[in-house]
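Content type mmCIF, C-alpha atoms, from the file entry_10.cif:
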data_work
loop_
_atom_site.label_atom_id
_atom_site.label_comp_id
_atom_site.auth_asym_id
_atom_site.auth_seq_id
_atom_site.Cartn_x
_atom_site.Cartn_y
_atom_site.Cartn_z
CA MET R 952 0.00 0.00 0.00
CA ARG R 953 1.27 3.47 -0.85
CA VAL R 954 0.73 6.58 1.25
CA GLU R 955 1.51 9.89 -0.44
CA ILE R 956 1.90 12.98 1.73
CA TRP R 957 1.72 16.47 0.25
CA THR R 958 3.67 18.86 2.49
CA ASP R 959 5.66 22.07 2.65
CA ILE R 960 8.69 22.67 4.87
CA ASN R 961 7.18 26.03 5.89
CA CYS R 962 4.18 24.23 7.38
CA PRO R 963 4.25 23.50 11.15
CA PHE R 964 1.21 21.25 10.87
CA CYS R 965 3.08 19.16 8.28
CA TYR R 966 5.87 18.68 10.83
CA ILE R 967 3.37 17.73 13.53
CA GLY R 968 1.15 15.70 11.20
CA LYS R 969 4.06 13.59 10.00
CA ALA R 970 4.86 12.61 13.59
CA ARG R 971 1.24 11.72 14.31
CA PHE R 972 1.00 9.67 11.13
CA GLU R 973 4.22 7.83 11.99
CA GLU R 974 2.88 7.09 15.46
CA ALA R 975 -0.09 5.38 13.82
CA LEU R 976 2.11 3.64 11.25
CA ASP R 977 4.41 2.26 13.95
CA GLY R 978 1.43 0.46 15.50
CA PHE R 979 0.02 -0.77 12.18
CA ALA R 980 0.27 -4.51 11.68
CA HIS R 981 1.20 -4.16 8.00
CA LYS R 982 3.72 -1.36 8.46
CA ASP R 983 6.42 -3.13 6.43
CA ASP R 984 4.09 -3.26 3.44
CA VAL R 985 3.40 0.49 3.41
CA GLU R 986 5.44 2.74 1.10
CA VAL R 987 5.51 6.41 2.09
CA VAL R 988 6.20 9.03 -0.58
CA HIS R 989 6.46 12.77 0.11
CA ARG R 990 4.97 15.09 -2.49
CA SER R 991 5.49 18.79 -3.15
CA PHE R 992 3.13 21.63 -2.22
CA GLU R 993 4.26 25.26 -1.94
CA LEU R 994 2.34 27.32 0.59
CA ASP R 995 3.63 30.53 -0.99
CA PRO R 996 4.86 29.87 -4.53
CA ASN R 997 5.11 33.64 -5.11
CA ALA R 998 7.72 34.15 -2.39
CA LYS R 999 10.94 35.45 -3.90
CA PRO R 1000 13.78 32.88 -3.83
CA GLY R 1001 16.44 33.74 -1.27
CA GLU R 1002 14.32 36.29 0.57
CA THR R 1003 13.15 35.42 4.07
CA GLY R 1004 11.10 37.01 6.81
CA LEU R 1005 10.23 36.29 10.41
CA VAL R 1006 7.24 34.02 10.96
CA VAL R 1007 5.47 35.96 13.72
CA PRO R 1008 5.02 39.31 11.90
CA TYR R 1009 4.19 37.43 8.69
CA ILE R 1010 1.41 35.44 10.39
CA ALA R 1011 0.10 38.57 12.13
CA LYS R 1012 -0.18 40.42 8.82
CA LYS R 1013 -1.57 37.47 6.86
CA TYR R 1014 -4.40 36.74 9.31
CA GLY R 1015 -5.02 40.26 10.56
CA ILE R 1016 -4.07 39.54 14.16
CA SER R 1017 -1.64 41.18 16.55
CA GLU R 1018 1.94 40.01 16.81
CA ASP R 1019 1.23 39.01 20.40
CA GLN R 1020 -1.54 36.73 19.15
CA ALA R 1021 0.73 35.32 16.46
CA ALA R 1022 3.44 34.69 19.05
CA ALA R 1023 0.87 32.93 21.26
CA ASN R 1024 -0.04 30.73 18.31
CA GLU R 1025 3.61 29.78 17.94
CA GLN R 1026 3.73 28.87 21.62
CA GLY R 1027 0.68 26.65 21.12
CA LEU R 1028 2.33 24.93 18.17
CA GLY R 1029 5.43 24.40 20.27
CA GLN R 1030 3.32 22.68 22.91
CA GLN R 1031 1.71 20.40 20.33
CA ALA R 1032 5.12 19.53 18.95
CA GLY R 1033 6.55 18.96 22.42
CA ALA R 1034 3.77 16.51 23.23
CA LEU R 1035 5.10 14.40 20.34
CA GLY R 1036 8.72 14.74 21.42
CA LEU R 1037 9.49 17.17 18.61
CA PRO R 1038 11.79 20.17 19.23
CA TYR R 1039 10.25 23.46 18.15
CA LEU R 1040 11.66 26.98 18.21
CA THR R 1041 8.81 29.31 19.09
CA GLU R 1042 10.81 32.48 18.45
CA GLY R 1043 13.04 33.67 15.63
CA ARG R 1044 11.97 31.23 12.90
CA ASP R 1045 11.78 32.45 9.34
CA PHE R 1046 9.85 31.50 6.21
CA GLY R 1047 10.62 31.65 2.52
CA ASN R 1048 10.37 30.14 -0.94
CA SER R 1049 10.51 26.34 -0.68
CA PHE R 1050 10.80 25.38 -4.35
CA ASP R 1051 14.48 24.37 -4.14
CA LEU R 1052 13.76 22.31 -1.04
CA HIS R 1053 11.08 20.40 -2.92
CA ARG R 1054 13.50 19.81 -5.78
CA LEU R 1055 15.98 18.48 -3.25
CA LEU R 1056 13.37 16.10 -1.84
CA HIS R 1057 12.88 14.65 -5.33
CA LEU R 1058 16.63 14.11 -5.65
CA ALA R 1059 16.56 12.42 -2.25
CA LYS R 1060 13.70 10.17 -3.40
CA ASP R 1061 15.77 9.03 -6.38
CA LYS R 1062 18.64 8.25 -3.99
CA GLY R 1063 16.46 6.37 -1.52
CA VAL R 1064 16.81 8.84 1.37
CA GLN R 1065 13.69 11.00 1.01
CA GLY R 1066 12.47 10.23 4.53
CA ALA R 1067 15.80 11.22 6.07
CA MET R 1068 15.91 14.36 3.91
CA ILE R 1069 12.50 15.66 4.93
CA ASP R 1070 13.32 14.97 8.58
CA ALA R 1071 16.55 16.94 8.20
CA LEU R 1072 14.76 19.89 6.59
CA TYR R 1073 12.09 19.90 9.29
CA ARG R 1074 14.83 19.85 11.92
CA GLY R 1075 16.63 22.71 10.22
CA ASN R 1076 13.48 24.81 10.01
CA PHE R 1077 11.74 24.06 13.28
CA ALA R 1078 14.48 23.05 15.70
CA GLU R 1079 17.71 24.77 14.67
CA GLU R 1080 18.64 28.44 14.72
CA SER R 1081 19.45 28.43 11.04
CA SER R 1082 17.60 29.14 7.81
CA VAL R 1083 16.75 26.50 5.23
CA PHE R 1084 15.32 29.25 3.01
CA GLY R 1085 18.06 31.86 2.99
CA ASP R 1086 21.27 29.87 3.56
CA GLU R 1087 22.33 27.38 0.92
CA GLU R 1088 25.17 26.10 3.10
CA THR R 1089 22.66 25.06 5.74
CA VAL R 1090 20.67 23.16 3.12
CA VAL R 1091 23.80 21.43 1.80
CA ARG R 1092 24.84 20.44 5.33
CA LEU R 1093 21.42 18.97 6.08
CA ALA R 1094 21.40 17.09 2.77
CA VAL R 1095 24.78 15.53 3.48
CA GLU R 1096 23.59 14.56 6.97
CA ALA R 1097 20.61 12.88 5.32
CA GLY R 1098 22.91 10.79 3.14
CA LEU R 1099 23.21 12.72 -0.11
CA ASP R 1100 26.46 13.45 -1.93
CA GLU R 1101 27.56 17.06 -1.47
CA GLY R 1102 28.63 17.47 -5.09
CA GLU R 1103 25.32 16.17 -6.41
CA VAL R 1104 23.39 18.47 -4.09
CA ARG R 1105 25.34 21.56 -5.13
CA ALA R 1106 25.00 20.66 -8.82
CA MET R 1107 21.24 20.20 -8.47
CA LEU R 1108 20.78 23.48 -6.60
CA ALA R 1109 22.80 25.26 -9.28
CA ASP R 1110 20.55 23.88 -12.05
CA PRO R 1111 17.11 25.57 -11.81
CA ASP R 1112 15.58 22.97 -14.14
CA ALA R 1113 16.61 19.91 -12.12
CA TYR R 1114 13.46 18.23 -10.79
CA ALA R 1115 11.43 21.38 -11.45
CA ASP R 1116 8.97 19.42 -13.60
CA ALA R 1117 8.57 16.83 -10.83
CA VAL R 1118 7.65 19.52 -8.32
CA ARG R 1119 5.13 21.08 -10.69
CA ALA R 1120 3.64 17.66 -11.44
CA ASP R 1121 3.11 17.05 -7.72
CA GLU R 1122 1.40 20.40 -7.37
CA ARG R 1123 -0.90 19.70 -10.32
CA GLU R 1124 -1.84 16.35 -8.82
CA ALA R 1125 -2.63 18.00 -5.50
CA ALA R 1126 -5.03 20.35 -7.27
CA GLU R 1127 -6.63 17.46 -9.16
CA LEU R 1128 -7.14 15.58 -5.90
CA GLY R 1129 -8.79 18.60 -4.31
CA ALA R 1130 -5.99 19.42 -1.87
CA ASN R 1131 -5.99 23.14 -1.11
CA GLY R 1132 -3.88 22.88 2.04
CA VAL R 1133 -1.29 20.67 3.69
CA PRO R 1134 -0.57 18.21 5.10
CA PHE R 1135 -2.68 16.08 2.81
CA PHE R 1136 -2.41 12.29 2.99
CA VAL R 1137 -3.58 10.01 0.19
CA LEU R 1138 -3.79 6.27 0.77
CA ASP R 1139 -3.66 4.08 -2.35
CA ARG R 1140 -5.35 6.90 -4.28
CA LYS R 1141 -8.64 5.87 -2.62
CA PHE R 1142 -8.71 7.64 0.73
CA GLY R 1143 -7.64 11.12 1.74
CA VAL R 1144 -6.86 12.58 5.14
CA SER R 1145 -6.55 16.35 5.43
CA GLY R 1146 -4.58 18.07 8.16
CA ALA R 1147 -2.54 17.04 11.19
CA GLN R 1148 -5.16 14.64 12.50
CA PRO R 1149 -4.79 12.68 15.76
CA ALA R 1150 -2.93 9.38 15.45
CA GLU R 1151 -6.21 7.48 15.93
CA VAL R 1152 -7.59 8.97 12.71
CA PHE R 1153 -4.52 7.83 10.79
CA THR R 1154 -4.85 4.38 12.34
CA GLN R 1155 -8.46 4.21 11.14
CA ALA R 1156 -7.47 5.37 7.66
CA LEU R 1157 -4.64 2.84 7.36
CA THR R 1158 -6.90 0.02 8.54
CA GLN R 1159 -9.69 0.94 6.17
CA ALA R 1160 -7.39 1.43 3.19
CA TRP R 1161 -5.72 -1.92 3.84
CA ALA R 1162 -9.05 -3.71 4.10
CA ASP R 1163 -10.31 -2.04 0.93
CA ARG R 1164 -7.47 -3.24 -1.24
CA SER R 1165 -8.95 -5.08 -4.23
CA PRO R 1166 -7.37 -8.38 -5.23
CA LEU R 1167 -6.39 -8.67 -8.89
CA THR R 1168 -9.10 -10.18 -11.05
CA VAL R 1169 -7.60 -12.30 -13.82
CA ILE R 1170 -9.56 -12.69 -17.03
CA ASP R 1171 -8.65 -15.87 -18.88
CA SER R 1172 -10.01 -18.19 -21.53
CA ALA R 1173 -11.13 -21.71 -20.73
CA ASP R 1174 -7.99 -23.31 -22.13
CA GLY R 1175 -5.60 -20.64 -20.87
CA GLY R 1176 -3.18 -18.54 -22.87
CA ASP R 1177 0.42 -19.27 -23.79
CA ALA R 1178 2.96 -17.40 -21.69
CA CYS R 1179 6.61 -17.32 -20.68
CA GLY R 1180 7.85 -17.70 -17.15
CA PRO R 1181 11.05 -18.36 -15.15
CA ASP R 1182 11.12 -21.94 -16.42
CA GLY R 1183 10.70 -21.02 -20.05
CA CYS R 1184 7.89 -20.56 -22.56
CA ALA R 1185 4.99 -22.73 -23.54
CA VAL R 1186 5.84 -24.89 -26.56
CA PRO R 1187 3.37 -24.37 -29.42
CA GLN R 1188 1.51 -27.52 -30.33
CA ALA R 1189 1.48 -28.52 -33.99
#

Step by step, read the file and then write its structure as structure tokens.
Amino acid sequence: MRVEIWTDINCPFCYIGKARFEEALDGFAHKDDVEVVHRSFELDPNAKPGETGLVVPYIAKKYGISEDQAAANEQGLGQQAGALGLPYLTEGRDFGNSFDLHRLLHLAKDKGVQGAMIDALYRGNFAEESSVFGDEETVVRLAVEAGLDEGEVRAMLADPDAYADAVRADEREAAELGANGVPFFVLDRKFGVSGAQPAEVFTQALTQAWADRSPLTVIDSADGGDACGPDGCAVPQA
């Protein structure tokens, strides 16, 4: 069974939702038969690459609330993260264009370390006093820590076309599936879960999706059809 998760590194609920999903997955009887793939979704695709800003004033302006209220929201998110054992900086975090980070996650998928890469980016954004949006050296360091080759990472970041089509394809699919926010979880392209739901909701979704898997129906003629297999091919009868 495949679970696809549309996320953005800017998104605190993606960070929290991933942990809640993994809590459910850890207790799922068929965990080893579940493939998890992370998909791209930009919360602010119009943000200028390389430019960053502080989260609290940005949230205050975006939602028309005071900076004190925005700061209180960050404290609340920190508490939710802490309940899951996740470190979370409630002050001084920044935000920015995430397109290059999504491209990097596609490179990591090709190299078999996408899970480690998204964890590293979340750590860099939510737990470390660094910037994954405005400091390429931070991104390179995190990528190497996740298991990628430094030279390949730098070459990809220097090539604006590398994996750009893959990111755009993910975003088109999200729109086609009706996802207008993240995190958005899709199980076997049959069931969707929106938001950082409690672990029990993810457990229910995994159980239902597993039970709903349809066995392959084979259509055959009465006398069968000739085929080839590991032991060779059927010999035509004269």

Given the file shown, enumerate the residues that the PyMOL selection byres ((chain R and resi 1111-1118) around 8) captures and present them as a PDB file with C-alpha atoms, in the coordinates of the input.
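Final output, selection-v3.pdb:
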ATOM      1  CA  ARG R 990       4.970  15.090  -2.490  1.00  0.00           C
ATOM      2  CA  SER R 991       5.490  18.790  -3.150  1.00  0.00           C
ATOM      3  CA  PHE R 992       3.130  21.630  -2.220  1.00  0.00           C
ATOM      4  CA  PHE R1050      10.800  25.380  -4.350  1.00  0.00           C
ATOM      5  CA  HIS R1053      11.080  20.400  -2.920  1.00  0.00           C
ATOM      6  CA  ARG R1054      13.500  19.810  -5.780  1.00  0.00           C
ATOM      7  CA  LEU R1055      15.980  18.480  -3.250  1.00  0.00           C
ATOM      8  CA  HIS R1057      12.880  14.650  -5.330  1.00  0.00           C
ATOM      9  CA  LEU R1058      16.630  14.110  -5.650  1.00  0.00           C
ATOM     10  CA  MET R1107      21.240  20.200  -8.470  1.00  0.00           C
ATOM     11  CA  LEU R1108      20.780  23.480  -6.600  1.00  0.00           C
ATOM     12  CA  ALA R1109      22.800  25.260  -9.280  1.00  0.00           C
ATOM     13  CA  ASP R1110      20.550  23.880 -12.050  1.00  0.00           C
ATOM     14  CA  ARG R1119       5.130  21.080 -10.690  1.00  0.00           C
ATOM     15  CA  ALA R1120       3.640  17.660 -11.440  1.00  0.00           C
ATOM     16  CA  ASP R1121       3.110  17.050  -7.720  1.00  0.00           C
ATOM     17  CA  GLU R1122       1.400  20.400  -7.370  1.00  0.00           C
TER      18      GLU R1122
END

- Target residues per the PyMOL selection byres ((chain R and resi 1006-1018) around 9), formatted as a ChimeraX atom specification: /R:1004-1005,1019-1025,1042-1046

- Item | Nearest candidate to Leu1138 (chain R) (options R:Ile967, R:Ala1071, R:Ala1150, R:Leu1157; using only C-alpha atoms) | R:Leu1157

- Item | Selection: 8 Å around Leu1099 (chain R), only C-alpha atoms, excl. self and same-chain fewer than 4 positions, as number ranges by chain | R: 1059, 1062, 1064, 1094-1095, 1103-1104

Selected residues written out with C-alpha atoms, as a compact mmCIF listing (two decimals), in the frame of the given file:
# COMPACT_ATOMS: atom_id res chain seq x y z
CA ALA R 1059 16.56 12.42 -2.25
CA LYS R 1062 18.64 8.25 -3.99
CA VAL R 1064 16.81 8.84 1.37
CA ALA R 1094 21.40 17.09 2.77
CA VAL R 1095 24.78 15.53 3.48
CA GLU R 1103 25.32 16.17 -6.41
CA VAL R 1104 23.39 18.47 -4.09

- Message: I'd like to know which of R:Phe1135, R:Phe1084, R:Phe979, R:Phe964 is closest to Asp1051 (chain R), using all atoms listed in the file.
- Response: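 Closest residue, counting all atoms listed in the file: R:Phe1084.
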
List, as a PDB file with C-alpha atoms, keeping the file's coordinate frame, every residue that the PyMOL selection byres ((chain R and resi 1146) around 12) selects in the file provided.
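Result went into out.pdb, see below:
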ATOM      1  CA  ILE R 956       1.900  12.980   1.730  1.00  0.00           C
ATOM      2  CA  TRP R 957       1.720  16.470   0.250  1.00  0.00           C
ATOM      3  CA  THR R 958       3.670  18.860   2.490  1.00  0.00           C
ATOM      4  CA  CYS R 962       4.180  24.230   7.380  1.00  0.00           C
ATOM      5  CA  PRO R 963       4.250  23.500  11.150  1.00  0.00           C
ATOM      6  CA  PHE R 964       1.210  21.250  10.870  1.00  0.00           C
ATOM      7  CA  CYS R 965       3.080  19.160   8.280  1.00  0.00           C
ATOM      8  CA  TYR R 966       5.870  18.680  10.830  1.00  0.00           C
ATOM      9  CA  ILE R 967       3.370  17.730  13.530  1.00  0.00           C
ATOM     10  CA  GLY R 968       1.150  15.700  11.200  1.00  0.00           C
ATOM     11  CA  LYS R 969       4.060  13.590  10.000  1.00  0.00           C
ATOM     12  CA  ARG R 971       1.240  11.720  14.310  1.00  0.00           C
ATOM     13  CA  PHE R 972       1.000   9.670  11.130  1.00  0.00           C
ATOM     14  CA  ALA R1130      -5.990  19.420  -1.870  1.00  0.00           C
ATOM     15  CA  ASN R1131      -5.990  23.140  -1.110  1.00  0.00           C
ATOM     16  CA  GLY R1132      -3.880  22.880   2.040  1.00  0.00           C
ATOM     17  CA  VAL R1133      -1.290  20.670   3.690  1.00  0.00           C
ATOM     18  CA  PRO R1134      -0.570  18.210   5.100  1.00  0.00           C
ATOM     19  CA  PHE R1135      -2.680  16.080   2.810  1.00  0.00           C
ATOM     20  CA  PHE R1136      -2.410  12.290   2.990  1.00  0.00           C
ATOM     21  CA  VAL R1137      -3.580  10.010   0.190  1.00  0.00           C
ATOM     22  CA  GLY R1143      -7.640  11.120   1.740  1.00  0.00           C
ATOM     23  CA  VAL R1144      -6.860  12.580   5.140  1.00  0.00           C
ATOM     24  CA  SER R1145      -6.550  16.350   5.430  1.00  0.00           C
ATOM     25  CA  ALA R1147      -2.540  17.040  11.190  1.00  0.00           C
ATOM     26  CA  GLN R1148      -5.160  14.640  12.500  1.00  0.00           C
ATOM     27  CA  PRO R1149      -4.790  12.680  15.760  1.00  0.00           C
ATOM     28  CA  ALA R1150      -2.930   9.380  15.450  1.00  0.00           C
ATOM     29  CA  VAL R1152      -7.590   8.970  12.710  1.00  0.00           C
ATOM     30  CA  PHE R1153      -4.520   7.830  10.790  1.00  0.00           C
TER      31      PHE R1153
END

- Message: Between R:Leu994, R:Ala1125, R:Val988, R:Leu1028, which residue has the minimum interatomic distance to Ala1067 (chain R), considering only C-alpha atoms?
- Response: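 Checking each of R:Leu994, R:Ala1125, R:Val988, R:Leu1028 against Ala1067 (chain R), counting only C-alpha atoms, the winner is R:Val988.
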
- Distance CA of Pro996 (chain R)-CA of Val1091 (chain R), one decimal place?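 The value is 21.7 Å.
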
- Tell me, in Å to one decimal, how far CA of Asp1070 (chain R) is from CA of Tyr1039 (chain R).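 Interatomic distance, CA of Asp1070 (chain R) to CA of Tyr1039 (chain R): 13.2 Å.
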
- Task: One decimal, Å: what's the distance from CA of Pro1000 (chain R) over to CA of Asn1048 (chain R), could you say?
- Result: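 Distance reported for this atom pair: 5.2 Å.
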